[in-house]
Amino acid sequence: MLRFLNAGESHGPALTAIIEGYPSNVKITTDRINKELARRQKGYGRGGRMKIEKDTVEILSGVRFGITLGSPITLMVRNKDWENWTDIMAIEGDSINKKQILEPRPGHADLTGGIKYGFYDLRNILERASARETTTRVAVGALCKILLEDIGIKIGSYVLSIGEKKIDKSEIESISYEDRFNNAENSELRLPILGKDEEFKEYIDKAKEDGESLGGIFEVYALNIPVGLGSYSQWDTRLDGKIAQAIMSIQAIKGVEIGEGFNLAYLPGSQAHDEIFYSKERGFYRKTNRAGGLEGGMTNGEPIIVRAAMKPIPTLMRHKSLQSVNVITKEPFDAAKERSDITAVPAAAVVAESMLAFVLAREILEKFGSDNWIQIKERIEKYRQDVLNY
């Protein structure tokens with residue numbers, strides 16, 4: 001089974017990931033991975049660290065002369081700001097008076113994590129709970145995208161809202177997913193419509209002036225998916241559940257829906273389901289996609305559409321405070337901090353692409369085998385023909 005573990009702290013020397021179950025004979029390059037890492041760091045409203053960290057990957061194992069070996073692949077992304085944190089984040093020594101954090105921030109993992117793991121210095125919690133961890137998720141996702149793209153599967157994302165500022169659904173219905181993605185790639189806010197950036201930027205700037213942060217909603221999609229990934233046979237084999245868990249695991253994500261999601265609850269059955277049609281050229285297909293490409297926990301051949309809601313970043317500017325309590329003195333304090341991150345919704349959308357890519361790559365390898373990519377591709381092509389001739 002394809003799986004990965006990652007490790008590393010936000011201000012530690014490096015972030016690492018080990019991927020197991022990745023097939024042999026796949027051509028990969030660090031440039032392809034670095035391109036995805038750069039996409040994660042973009043977005044209007046991000047903080048100063050994005051100017052410090054220009055993430056690049058080092059491949060330490062599992063690849064020889066640009067070809068995967070079928071053995072575990074180790075990826076490493078060095079934290080370029082590590083030189084300023086060597087004393088504070090030292091492996092050995094004493095942490096007293098070395099930027100201890102005793103004041104938990106509302107909305108973060110600080111307090112609960114400190115209680116759970118038995119720490120008063122909450123830096124031990126926030127360094128790992130930080131969204132900096134998603135760097136290696138994107139690196140792993142890049143490897144998964146290479147697999148998927150080689151069999152014609154495309155994954156992309158775009159932002160639908162920042163705070164109360166929204167893209168109206170009717171504005172994008174006539175725009176193809178590929179064009180929405182291309183527009184997003186040329187937008188500082190990953191908007192699927194060109195020419196919208198300035199009004200969204202003004203809205204974000206106003207929030208910054210007010211000391212606020214902003215969440216939002218993004219959509220991630222996958223095209224050209226084979227029919228029958230996932231299963232209805234057990235609760236934990238349903239693909240929609242796996243996708244929801246993967247997207248929900250991204251920091252600050254508080255809601256996930258597939259297809260029309262919650263809107264389906266308001267519709268009668270005659271308007272909620274996707275009617276089935278057939279043609280010799282296309283096989284079975286739907287003219288609508290309210291199910292978001294998944295029925296009964298399985299892919300039905302239509303595009304997979306996933307929407308996620310991200311809460312505002314909890315760390316606010318100093319003049320817009322949240323109240324908390326010091327874990328030692330138990331005295332109240334003002335939890336506001338100086339921080340220039342106003343929104344990270346565009347970056348979260350890129351991370352979600354990687355998580356969707358990982359889940360789909362794992363399902364592909366589970367269904368068609370996981371040793372030699374050359375042989376796996378042959379099985380996939382035969383299966384696609386079998387589905388067409390069903």
# chains A, B, ... in the order shown; residues from 1 in each chain; ligands from 1
>>> select_by_dssp(residues="stretch 99-290 of chain A", states="alpha helix (DSSP H)", output="mmCIF file with N, CA and C atoms, in the first residue's frame")
data_model
loop_
_atom_site.group_PDB
_atom_site.id
_atom_site.type_symbol
_atom_site.label_atom_id
_atom_site.label_comp_id
_atom_site.auth_asym_id
_atom_site.auth_seq_id
_atom_site.Cartn_x
_atom_site.Cartn_y
_atom_site.Cartn_z
ATOM 1 N N ASP A 110 -2.230 24.684 20.822
ATOM 2 C CA ASP A 110 -1.325 24.938 21.946
ATOM 3 C C ASP A 110 -1.786 24.317 23.266
ATOM 4 N N LEU A 111 -2.933 24.750 23.767
ATOM 5 C CA LEU A 111 -3.366 24.351 25.099
ATOM 6 C C LEU A 111 -3.704 22.869 25.169
ATOM 7 N N THR A 112 -4.520 22.393 24.248
ATOM 8 C CA THR A 112 -4.904 20.981 24.277
ATOM 9 C C THR A 112 -3.695 20.076 24.110
ATOM 10 N N GLY A 113 -2.796 20.452 23.202
ATOM 11 C CA GLY A 113 -1.582 19.659 23.005
ATOM 12 C C GLY A 113 -0.692 19.652 24.228
ATOM 13 N N GLY A 114 -0.585 20.812 24.911
ATOM 14 C CA GLY A 114 0.221 20.879 26.121
ATOM 15 C C GLY A 114 -0.324 19.980 27.212
ATOM 16 N N ILE A 115 -1.648 19.992 27.363
ATOM 17 C CA ILE A 115 -2.277 19.123 28.354
ATOM 18 C C ILE A 115 -2.072 17.653 27.982
ATOM 19 N N LYS A 116 -2.286 17.329 26.708
ATOM 20 C CA LYS A 116 -2.192 15.937 26.256
ATOM 21 C C LYS A 116 -0.790 15.359 26.444
ATOM 22 N N TYR A 117 0.245 16.134 26.050
ATOM 23 C CA TYR A 117 1.608 15.598 26.062
ATOM 24 C C TYR A 117 2.418 16.013 27.290
ATOM 25 N N ARG A 123 5.782 25.721 22.937
ATOM 26 C CA ARG A 123 6.520 25.644 21.674
ATOM 27 C C ARG A 123 6.678 24.190 21.235
ATOM 28 N N ASN A 124 6.740 23.278 22.197
ATOM 29 C CA ASN A 124 6.844 21.849 21.869
ATOM 30 C C ASN A 124 5.629 21.361 21.090
ATOM 31 N N ILE A 125 4.526 22.050 21.202
ATOM 32 C CA ILE A 125 3.303 21.691 20.487
ATOM 33 C C ILE A 125 3.223 22.412 19.147
ATOM 34 N N LEU A 126 3.339 23.725 19.199
ATOM 35 C CA LEU A 126 3.067 24.514 17.990
ATOM 36 C C LEU A 126 4.084 24.285 16.882
ATOM 37 N N GLU A 127 5.312 23.875 17.242
ATOM 38 C CA GLU A 127 6.325 23.652 16.211
ATOM 39 C C GLU A 127 5.934 22.518 15.266
ATOM 40 N N ARG A 128 5.244 21.513 15.796
ATOM 41 C CA ARG A 128 4.815 20.394 14.950
ATOM 42 C C ARG A 128 3.406 20.598 14.412
ATOM 43 N N ALA A 129 2.551 21.248 15.202
ATOM 44 C CA ALA A 129 1.167 21.463 14.773
ATOM 45 C C ALA A 129 1.069 22.490 13.649
ATOM 46 N N THR A 134 2.865 21.004 6.127
ATOM 47 C CA THR A 134 2.278 20.660 4.825
ATOM 48 C C THR A 134 3.273 20.765 3.679
ATOM 49 N N THR A 135 4.450 21.342 3.940
ATOM 50 C CA THR A 135 5.488 21.401 2.908
ATOM 51 C C THR A 135 5.777 20.010 2.353
ATOM 52 N N THR A 136 5.979 19.048 3.254
ATOM 53 C CA THR A 136 6.307 17.704 2.778
ATOM 54 C C THR A 136 5.079 16.999 2.195
ATOM 55 N N ARG A 137 3.897 17.371 2.623
ATOM 56 C CA ARG A 137 2.698 16.810 1.983
ATOM 57 C C ARG A 137 2.654 17.206 0.508
ATOM 58 N N VAL A 138 3.022 18.448 0.233
ATOM 59 C CA VAL A 138 3.026 18.909 -1.154
ATOM 60 C C VAL A 138 4.122 18.202 -1.953
ATOM 61 N N ALA A 139 5.267 17.952 -1.326
ATOM 62 C CA ALA A 139 6.335 17.219 -2.011
ATOM 63 C C ALA A 139 5.891 15.799 -2.346
ATOM 64 N N VAL A 140 5.248 15.125 -1.395
ATOM 65 C CA VAL A 140 4.711 13.786 -1.656
ATOM 66 C C VAL A 140 3.623 13.852 -2.724
ATOM 67 N N GLY A 141 2.776 14.862 -2.627
ATOM 68 C CA GLY A 141 1.714 15.030 -3.625
ATOM 69 C C GLY A 141 2.251 15.214 -5.031
ATOM 70 N N ALA A 142 3.411 15.874 -5.143
ATOM 71 C CA ALA A 142 4.026 16.051 -6.460
ATOM 72 C C ALA A 142 4.378 14.703 -7.081
ATOM 73 N N LEU A 143 4.924 13.788 -6.274
ATOM 74 C CA LEU A 143 5.230 12.448 -6.777
ATOM 75 C C LEU A 143 3.952 11.733 -7.219
ATOM 76 N N CYS A 144 2.886 11.921 -6.458
ATOM 77 C CA CYS A 144 1.615 11.277 -6.806
ATOM 78 C C CYS A 144 1.027 11.879 -8.079
ATOM 79 N N LYS A 145 1.172 13.173 -8.240
ATOM 80 C CA LYS A 145 0.686 13.816 -9.466
ATOM 81 C C LYS A 145 1.427 13.297 -10.694
ATOM 82 N N ILE A 146 2.714 13.027 -10.548
ATOM 83 C CA ILE A 146 3.486 12.483 -11.673
ATOM 84 C C ILE A 146 2.874 11.164 -12.131
ATOM 85 N N LEU A 147 2.534 10.294 -11.179
ATOM 86 C CA LEU A 147 1.873 9.026 -11.518
ATOM 87 C C LEU A 147 0.547 9.274 -12.235
ATOM 88 N N LEU A 148 -0.285 10.111 -11.635
ATOM 89 C CA LEU A 148 -1.633 10.330 -12.153
ATOM 90 C C LEU A 148 -1.605 10.980 -13.531
ATOM 91 N N GLU A 149 -0.741 11.950 -13.704
ATOM 92 C CA GLU A 149 -0.663 12.632 -14.991
ATOM 93 C C GLU A 149 -0.206 11.700 -16.100
ATOM 94 N N ASP A 150 0.593 10.706 -15.733
ATOM 95 C CA ASP A 150 1.079 9.743 -16.728
ATOM 96 C C ASP A 150 -0.043 8.856 -17.267
ATOM 97 N N LYS A 169 -21.393 31.277 -8.219
ATOM 98 C CA LYS A 169 -21.367 30.016 -8.961
ATOM 99 C C LYS A 169 -21.717 30.214 -10.428
ATOM 100 N N SER A 170 -22.647 31.103 -10.695
ATOM 101 C CA SER A 170 -23.077 31.330 -12.086
ATOM 102 C C SER A 170 -21.959 31.924 -12.937
ATOM 103 N N GLU A 171 -20.959 32.549 -12.284
ATOM 104 C CA GLU A 171 -19.869 33.180 -13.015
ATOM 105 C C GLU A 171 -18.890 32.163 -13.594
ATOM 106 N N ILE A 172 -18.857 30.971 -13.047
ATOM 107 C CA ILE A 172 -17.860 29.998 -13.507
ATOM 108 C C ILE A 172 -18.478 28.761 -14.155
ATOM 109 N N TYR A 177 -12.995 23.266 -16.295
ATOM 110 C CA TYR A 177 -12.113 23.109 -15.139
ATOM 111 C C TYR A 177 -10.678 23.473 -15.492
ATOM 112 N N GLU A 178 -10.241 23.116 -16.690
ATOM 113 C CA GLU A 178 -8.877 23.448 -17.098
ATOM 114 C C GLU A 178 -8.676 24.956 -17.155
ATOM 115 N N ASP A 179 -9.671 25.684 -17.676
ATOM 116 C CA ASP A 179 -9.552 27.140 -17.762
ATOM 117 C C ASP A 179 -9.640 27.783 -16.379
ATOM 118 N N ARG A 180 -10.480 27.228 -15.513
ATOM 119 C CA ARG A 180 -10.535 27.738 -14.142
ATOM 120 C C ARG A 180 -9.157 27.603 -13.494
ATOM 121 N N PHE A 181 -8.527 26.439 -13.697
ATOM 122 C CA PHE A 181 -7.211 26.193 -13.120
ATOM 123 C C PHE A 181 -6.173 27.138 -13.705
ATOM 124 N N ASN A 182 -6.176 27.299 -15.017
ATOM 125 C CA ASN A 182 -5.204 28.190 -15.659
ATOM 126 C C ASN A 182 -5.374 29.623 -15.177
ATOM 127 N N ASN A 183 -6.616 30.055 -15.010
ATOM 128 C CA ASN A 183 -6.859 31.398 -14.476
ATOM 129 C C ASN A 183 -6.331 31.499 -13.043
ATOM 130 N N ALA A 184 -6.566 30.452 -12.256
ATOM 131 C CA ALA A 184 -6.097 30.455 -10.870
ATOM 132 C C ALA A 184 -4.576 30.528 -10.791
ATOM 133 N N GLU A 185 -3.901 29.854 -11.706
ATOM 134 C CA GLU A 185 -2.440 29.871 -11.712
ATOM 135 C C GLU A 185 -1.890 31.266 -12.011
ATOM 136 N N ASP A 197 -8.865 39.923 -9.002
ATOM 137 C CA ASP A 197 -7.883 40.010 -7.930
ATOM 138 C C ASP A 197 -7.965 41.311 -7.137
ATOM 139 N N GLU A 198 -8.096 42.441 -7.828
ATOM 140 C CA GLU A 198 -7.984 43.722 -7.147
ATOM 141 C C GLU A 198 -9.068 43.930 -6.100
ATOM 142 N N GLU A 199 -10.304 43.559 -6.422
ATOM 143 C CA GLU A 199 -11.371 43.757 -5.442
ATOM 144 C C GLU A 199 -11.185 42.843 -4.234
ATOM 145 N N PHE A 200 -10.642 41.638 -4.455
ATOM 146 C CA PHE A 200 -10.356 40.746 -3.341
ATOM 147 C C PHE A 200 -9.183 41.274 -2.523
ATOM 148 N N LYS A 201 -8.175 41.834 -3.184
ATOM 149 C CA LYS A 201 -7.029 42.397 -2.479
ATOM 150 C C LYS A 201 -7.454 43.563 -1.583
ATOM 151 N N GLU A 202 -8.326 44.401 -2.097
ATOM 152 C CA GLU A 202 -8.819 45.527 -1.302
ATOM 153 C C GLU A 202 -9.539 45.036 -0.056
ATOM 154 N N TYR A 203 -10.289 43.969 -0.211
ATOM 155 C CA TYR A 203 -11.012 43.378 0.908
ATOM 156 C C TYR A 203 -10.032 42.823 1.957
ATOM 157 N N ILE A 204 -8.978 42.155 1.492
ATOM 158 C CA ILE A 204 -7.958 41.615 2.394
ATOM 159 C C ILE A 204 -7.193 42.741 3.083
ATOM 160 N N ASP A 205 -6.859 43.797 2.342
ATOM 161 C CA ASP A 205 -6.145 44.932 2.923
ATOM 162 C C ASP A 205 -6.970 45.592 4.026
ATOM 163 N N LYS A 206 -8.271 45.678 3.806
ATOM 164 C CA LYS A 206 -9.150 46.267 4.823
ATOM 165 C C LYS A 206 -9.149 45.394 6.080
ATOM 166 N N ALA A 207 -9.177 44.079 5.900
ATOM 167 C CA ALA A 207 -9.119 43.174 7.051
ATOM 168 C C ALA A 207 -7.806 43.348 7.813
ATOM 169 N N LYS A 208 -6.715 43.537 7.090
ATOM 170 C CA LYS A 208 -5.418 43.755 7.727
ATOM 171 C C LYS A 208 -5.424 45.035 8.545
ATOM 172 N N GLU A 209 -5.997 46.091 8.006
ATOM 173 C CA GLU A 209 -6.102 47.361 8.723
ATOM 174 C C GLU A 209 -6.908 47.198 10.008
ATOM 175 N N LEU A 239 -14.397 5.585 -0.850
ATOM 176 C CA LEU A 239 -13.418 6.579 -1.271
ATOM 177 C C LEU A 239 -13.810 7.987 -0.842
ATOM 178 N N ASP A 240 -15.098 8.291 -0.813
ATOM 179 C CA ASP A 240 -15.487 9.632 -0.386
ATOM 180 C C ASP A 240 -15.059 9.880 1.059
ATOM 181 N N GLY A 241 -15.146 8.845 1.909
ATOM 182 C CA GLY A 241 -14.680 8.970 3.283
ATOM 183 C C GLY A 241 -13.185 9.196 3.370
ATOM 184 N N LYS A 242 -12.426 8.489 2.536
ATOM 185 C CA LYS A 242 -10.968 8.657 2.534
ATOM 186 C C LYS A 242 -10.572 10.058 2.080
ATOM 187 N N ILE A 243 -11.260 10.551 1.051
ATOM 188 C CA ILE A 243 -10.958 11.895 0.550
ATOM 189 C C ILE A 243 -11.296 12.940 1.604
ATOM 190 N N ALA A 244 -12.463 12.800 2.222
ATOM 191 C CA ALA A 244 -12.871 13.765 3.241
ATOM 192 C C ALA A 244 -11.865 13.798 4.387
ATOM 193 N N GLN A 245 -11.399 12.625 4.828
ATOM 194 C CA GLN A 245 -10.425 12.587 5.918
ATOM 195 C C GLN A 245 -9.120 13.271 5.525
ATOM 196 N N ALA A 246 -8.661 13.019 4.299
ATOM 197 C CA ALA A 246 -7.393 13.591 3.846
ATOM 198 C C ALA A 246 -7.465 15.116 3.771
ATOM 199 N N ILE A 247 -8.563 15.648 3.244
ATOM 200 C CA ILE A 247 -8.712 17.094 3.134
ATOM 201 C C ILE A 247 -8.932 17.711 4.521
ATOM 202 N N MET A 248 -9.714 17.037 5.339
ATOM 203 C CA MET A 248 -10.016 17.547 6.678
ATOM 204 C C MET A 248 -8.773 17.588 7.561
ATOM 205 N N GLY A 269 -35.621 14.500 -4.540
ATOM 206 C CA GLY A 269 -34.829 13.470 -5.201
ATOM 207 C C GLY A 269 -34.764 13.617 -6.703
ATOM 208 N N SER A 270 -35.829 14.104 -7.304
ATOM 209 C CA SER A 270 -35.849 14.234 -8.762
ATOM 210 C C SER A 270 -34.840 15.251 -9.265
ATOM 211 N N GLN A 271 -34.374 16.150 -8.376
ATOM 212 C CA GLN A 271 -33.414 17.176 -8.776
ATOM 213 C C GLN A 271 -32.024 16.956 -8.177
ATOM 214 N N ALA A 272 -31.904 15.918 -7.353
ATOM 215 C CA ALA A 272 -30.652 15.722 -6.622
ATOM 216 C C ALA A 272 -29.696 14.743 -7.277
#
>>> residues_around(residues="A:Asn186", least_positions_apart="6", cutoff="12 Å", atoms="only C-alpha atoms", output="compact mmCIF listing (two decimals) with C-alpha atoms, in the first residue's frame")
# COMPACT_ATOMS: atom_id res chain seq x y z
CA ARG A 39 2.92 27.03 -5.71
CA LYS A 42 2.24 31.90 -3.22
CA GLY A 43 -0.85 33.87 -2.37
CA TYR A 158 -9.17 27.37 -7.26
CA ASP A 179 -9.55 27.14 -17.76
CA ARG A 180 -10.54 27.74 -14.14
CA PRO A 192 -10.92 31.03 -11.32
CA ILE A 193 -11.91 34.25 -13.11
CA LEU A 194 -9.40 36.77 -14.42
CA GLY A 195 -9.77 40.40 -13.38
CA LYS A 196 -11.13 39.71 -9.88
CA ASP A 197 -7.88 40.01 -7.93
>>> select_by_dssp(residues="stretch 88-159 of chain A", states="strand (DSSP E)", output="number ranges by chain")
A: 154-159
>>> closest_residue(among="A:Ile276, A:Leu122, A:Val26, A:Met298", to="A:Ser233", atoms="only C-alpha atoms")
A:Met298
>>> residues_around(residues="A:Ile342", least_positions_apart="5", cutoff="10 Å", atoms="only C-alpha atoms", output="PDB file with all heavy atoms, in the first residue's frame")
ATOM      1  N   TYR A  44      -1.660  36.120  -2.098  1.00  0.00           N
ATOM      2  CA  TYR A  44      -1.762  37.443  -1.486  1.00  0.00           C
ATOM      3  C   TYR A  44      -2.281  37.297  -0.057  1.00  0.00           C
ATOM      4  O   TYR A  44      -3.212  36.535   0.193  1.00  0.00           O
ATOM      5  CB  TYR A  44      -2.720  38.318  -2.287  1.00  0.00           C
ATOM      6  CG  TYR A  44      -2.684  39.769  -1.913  1.00  0.00           C
ATOM      7  CD1 TYR A  44      -1.668  40.591  -2.374  1.00  0.00           C
ATOM      8  CD2 TYR A  44      -3.664  40.323  -1.094  1.00  0.00           C
ATOM      9  CE1 TYR A  44      -1.632  41.943  -2.035  1.00  0.00           C
ATOM     10  CE2 TYR A  44      -3.638  41.660  -0.743  1.00  0.00           C
ATOM     11  CZ  TYR A  44      -2.621  42.469  -1.222  1.00  0.00           C
ATOM     12  OH  TYR A  44      -2.581  43.798  -0.883  1.00  0.00           O
ATOM     13  N   GLY A  45      -1.637  37.999   0.881  1.00  0.00           N
ATOM     14  CA  GLY A  45      -2.049  37.923   2.268  1.00  0.00           C
ATOM     15  C   GLY A  45      -1.179  37.020   3.115  1.00  0.00           C
ATOM     16  O   GLY A  45      -1.433  36.854   4.311  1.00  0.00           O
ATOM     17  N   ARG A  46      -0.145  36.420   2.507  1.00  0.00           N
ATOM     18  CA  ARG A  46       0.768  35.556   3.267  1.00  0.00           C
ATOM     19  C   ARG A  46       1.750  36.385   4.076  1.00  0.00           C
ATOM     20  O   ARG A  46       1.933  37.574   3.857  1.00  0.00           O
ATOM     21  CB  ARG A  46       1.551  34.635   2.322  1.00  0.00           C
ATOM     22  CG  ARG A  46       0.706  33.702   1.491  1.00  0.00           C
ATOM     23  CD  ARG A  46      -0.150  32.760   2.298  1.00  0.00           C
ATOM     24  NE  ARG A  46       0.594  31.963   3.252  1.00  0.00           N
ATOM     25  CZ  ARG A  46       1.282  30.872   2.932  1.00  0.00           C
ATOM     26  NH1 ARG A  46       1.333  30.445   1.676  1.00  0.00           N
ATOM     27  NH2 ARG A  46       1.919  30.182   3.853  1.00  0.00           N
ATOM     28  N   GLY A  47       2.450  35.734   5.002  1.00  0.00           N
ATOM     29  CA  GLY A  47       3.361  36.415   5.908  1.00  0.00           C
ATOM     30  C   GLY A  47       4.780  36.508   5.396  1.00  0.00           C
ATOM     31  O   GLY A  47       5.113  36.030   4.301  1.00  0.00           O
ATOM     32  N   ILE A 204      -8.978  42.155   1.492  1.00  0.00           N
ATOM     33  CA  ILE A 204      -7.958  41.615   2.394  1.00  0.00           C
ATOM     34  C   ILE A 204      -7.193  42.741   3.083  1.00  0.00           C
ATOM     35  O   ILE A 204      -6.916  42.680   4.284  1.00  0.00           O
ATOM     36  CB  ILE A 204      -7.005  40.689   1.616  1.00  0.00           C
ATOM     37  CG1 ILE A 204      -7.754  39.433   1.153  1.00  0.00           C
ATOM     38  CG2 ILE A 204      -5.801  40.302   2.466  1.00  0.00           C
ATOM     39  CD1 ILE A 204      -6.991  38.585   0.163  1.00  0.00           C
ATOM     40  N   ASP A 205      -6.859  43.797   2.342  1.00  0.00           N
ATOM     41  CA  ASP A 205      -6.145  44.932   2.923  1.00  0.00           C
ATOM     42  C   ASP A 205      -6.970  45.592   4.026  1.00  0.00           C
ATOM     43  O   ASP A 205      -6.431  46.019   5.055  1.00  0.00           O
ATOM     44  CB  ASP A 205      -5.806  45.955   1.840  1.00  0.00           C
ATOM     45  CG  ASP A 205      -4.745  45.455   0.872  1.00  0.00           C
ATOM     46  OD1 ASP A 205      -4.040  44.485   1.217  1.00  0.00           O
ATOM     47  OD2 ASP A 205      -4.626  46.025  -0.225  1.00  0.00           O
ATOM     48  N   ALA A 207      -9.177  44.079   5.900  1.00  0.00           N
ATOM     49  CA  ALA A 207      -9.119  43.174   7.051  1.00  0.00           C
ATOM     50  C   ALA A 207      -7.806  43.348   7.813  1.00  0.00           C
ATOM     51  O   ALA A 207      -7.784  43.335   9.055  1.00  0.00           O
ATOM     52  CB  ALA A 207      -9.276  41.725   6.591  1.00  0.00           C
ATOM     53  N   LYS A 208      -6.715  43.537   7.090  1.00  0.00           N
ATOM     54  CA  LYS A 208      -5.418  43.755   7.727  1.00  0.00           C
ATOM     55  C   LYS A 208      -5.424  45.035   8.545  1.00  0.00           C
ATOM     56  O   LYS A 208      -4.931  45.071   9.686  1.00  0.00           O
ATOM     57  CB  LYS A 208      -4.321  43.802   6.669  1.00  0.00           C
ATOM     58  CG  LYS A 208      -2.924  43.962   7.249  1.00  0.00           C
ATOM     59  CD  LYS A 208      -1.875  43.912   6.159  1.00  0.00           C
ATOM     60  CE  LYS A 208      -0.470  44.022   6.759  1.00  0.00           C
ATOM     61  NZ  LYS A 208       0.579  43.947   5.718  1.00  0.00           N
ATOM     62  N   GLY A 211      -7.019  44.562  11.781  1.00  0.00           N
ATOM     63  CA  GLY A 211      -6.394  43.571  12.644  1.00  0.00           C
ATOM     64  C   GLY A 211      -7.029  42.200  12.558  1.00  0.00           C
ATOM     65  O   GLY A 211      -6.867  41.373  13.460  1.00  0.00           O
ATOM     66  N   GLU A 212      -7.750  41.929  11.486  1.00  0.00           N
ATOM     67  CA  GLU A 212      -8.469  40.672  11.324  1.00  0.00           C
ATOM     68  C   GLU A 212      -7.706  39.690  10.438  1.00  0.00           C
ATOM     69  O   GLU A 212      -6.777  40.074   9.717  1.00  0.00           O
ATOM     70  CB  GLU A 212      -9.855  40.924  10.715  1.00  0.00           C
ATOM     71  CG  GLU A 212     -10.864  41.515  11.671  1.00  0.00           C
ATOM     72  CD  GLU A 212     -11.340  40.525  12.716  1.00  0.00           C
ATOM     73  OE1 GLU A 212     -10.821  39.388  12.757  1.00  0.00           O
ATOM     74  OE2 GLU A 212     -12.232  40.884  13.502  1.00  0.00           O
ATOM     75  N   SER A 213      -8.120  38.433  10.483  1.00  0.00           N
ATOM     76  CA  SER A 213      -7.673  37.418   9.533  1.00  0.00           C
ATOM     77  C   SER A 213      -8.911  36.853   8.852  1.00  0.00           C
ATOM     78  O   SER A 213     -10.031  37.044   9.326  1.00  0.00           O
ATOM     79  CB  SER A 213      -6.884  36.314  10.241  1.00  0.00           C
ATOM     80  OG  SER A 213      -7.702  35.671  11.217  1.00  0.00           O
ATOM     81  N   LEU A 214      -8.699  36.143   7.744  1.00  0.00           N
ATOM     82  CA  LEU A 214      -9.824  35.690   6.924  1.00  0.00           C
ATOM     83  C   LEU A 214      -9.662  34.228   6.518  1.00  0.00           C
ATOM     84  O   LEU A 214      -8.576  33.786   6.177  1.00  0.00           O
ATOM     85  CB  LEU A 214      -9.942  36.548   5.656  1.00  0.00           C
ATOM     86  CG  LEU A 214     -10.205  38.037   5.856  1.00  0.00           C
ATOM     87  CD1 LEU A 214      -9.982  38.787   4.541  1.00  0.00           C
ATOM     88  CD2 LEU A 214     -11.616  38.271   6.377  1.00  0.00           C
ATOM     89  N   GLY A 215     -10.763  33.510   6.548  1.00  0.00           N
ATOM     90  CA  GLY A 215     -10.809  32.159   5.994  1.00  0.00           C
ATOM     91  C   GLY A 215     -11.405  32.193   4.607  1.00  0.00           C
ATOM     92  O   GLY A 215     -11.400  33.229   3.936  1.00  0.00           O
ATOM     93  N   PRO A 312     -10.591  31.262   9.630  1.00  0.00           N
ATOM     94  CA  PRO A 312      -9.566  32.313   9.656  1.00  0.00           C
ATOM     95  C   PRO A 312      -8.369  31.889  10.494  1.00  0.00           C
ATOM     96  O   PRO A 312      -8.495  31.102  11.443  1.00  0.00           O
ATOM     97  CB  PRO A 312     -10.294  33.494  10.314  1.00  0.00           C
ATOM     98  CG  PRO A 312     -11.741  33.218  10.126  1.00  0.00           C
ATOM     99  CD  PRO A 312     -11.880  31.727  10.165  1.00  0.00           C
ATOM    100  N   ILE A 313      -7.202  32.400  10.147  1.00  0.00           N
ATOM    101  CA  ILE A 313      -5.997  32.146  10.928  1.00  0.00           C
ATOM    102  C   ILE A 313      -6.213  32.704  12.337  1.00  0.00           C
ATOM    103  O   ILE A 313      -6.579  33.880  12.493  1.00  0.00           O
ATOM    104  CB  ILE A 313      -4.776  32.806  10.262  1.00  0.00           C
ATOM    105  CG1 ILE A 313      -4.502  32.133   8.916  1.00  0.00           C
ATOM    106  CG2 ILE A 313      -3.554  32.735  11.163  1.00  0.00           C
ATOM    107  CD1 ILE A 313      -3.496  32.855   8.062  1.00  0.00           C
ATOM    108  N   PRO A 314      -6.018  31.905  13.399  1.00  0.00           N
ATOM    109  CA  PRO A 314      -6.335  32.369  14.753  1.00  0.00           C
ATOM    110  C   PRO A 314      -5.399  33.444  15.296  1.00  0.00           C
ATOM    111  O   PRO A 314      -5.782  34.210  16.171  1.00  0.00           O
ATOM    112  CB  PRO A 314      -6.238  31.098  15.607  1.00  0.00           C
ATOM    113  CG  PRO A 314      -6.321  29.968  14.644  1.00  0.00           C
ATOM    114  CD  PRO A 314      -5.684  30.471  13.385  1.00  0.00           C
ATOM    115  N   THR A 315      -4.151  33.485  14.831  1.00  0.00           N
ATOM    116  CA  THR A 315      -3.195  34.470  15.332  1.00  0.00           C
ATOM    117  C   THR A 315      -3.481  35.818  14.694  1.00  0.00           C
ATOM    118  O   THR A 315      -3.322  35.986  13.490  1.00  0.00           O
ATOM    119  CB  THR A 315      -1.754  34.036  15.032  1.00  0.00           C
ATOM    120  OG1 THR A 315      -1.570  32.702  15.494  1.00  0.00           O
ATOM    121  CG2 THR A 315      -0.765  34.952  15.721  1.00  0.00           C
ATOM    122  N   LEU A 316      -3.896  36.781  15.513  1.00  0.00           N
ATOM    123  CA  LEU A 316      -4.333  38.076  15.003  1.00  0.00           C
ATOM    124  C   LEU A 316      -3.291  39.155  15.251  1.00  0.00           C
ATOM    125  O   LEU A 316      -2.347  38.976  16.030  1.00  0.00           O
ATOM    126  CB  LEU A 316      -5.659  38.462  15.655  1.00  0.00           C
ATOM    127  CG  LEU A 316      -6.817  37.477  15.468  1.00  0.00           C
ATOM    128  CD1 LEU A 316      -8.045  37.957  16.222  1.00  0.00           C
ATOM    129  CD2 LEU A 316      -7.128  37.283  13.994  1.00  0.00           C
ATOM    130  N   MET A 317      -3.510  40.308  14.632  1.00  0.00           N
ATOM    131  CA  MET A 317      -2.634  41.442  14.852  1.00  0.00           C
ATOM    132  C   MET A 317      -2.874  42.010  16.256  1.00  0.00           C
ATOM    133  O   MET A 317      -3.906  41.777  16.877  1.00  0.00           O
ATOM    134  CB  MET A 317      -2.899  42.518  13.803  1.00  0.00           C
ATOM    135  CG  MET A 317      -2.696  42.033  12.370  1.00  0.00           C
ATOM    136  SD  MET A 317      -0.998  41.596  12.046  1.00  0.00           S
ATOM    137  CE  MET A 317      -0.572  42.893  10.895  1.00  0.00           C
TER     138      MET A 317
END
>>> atom_distance(atom1="atom CA of A:Phe65", atom2="atom CA of A:Arg362")
24.4 Å
>>> closest_residue(among="A:Arg238, A:Lys367, A:Lys80, A:Lys99", to="A:Gly296", atoms="only C-alpha atoms")
A:Arg238
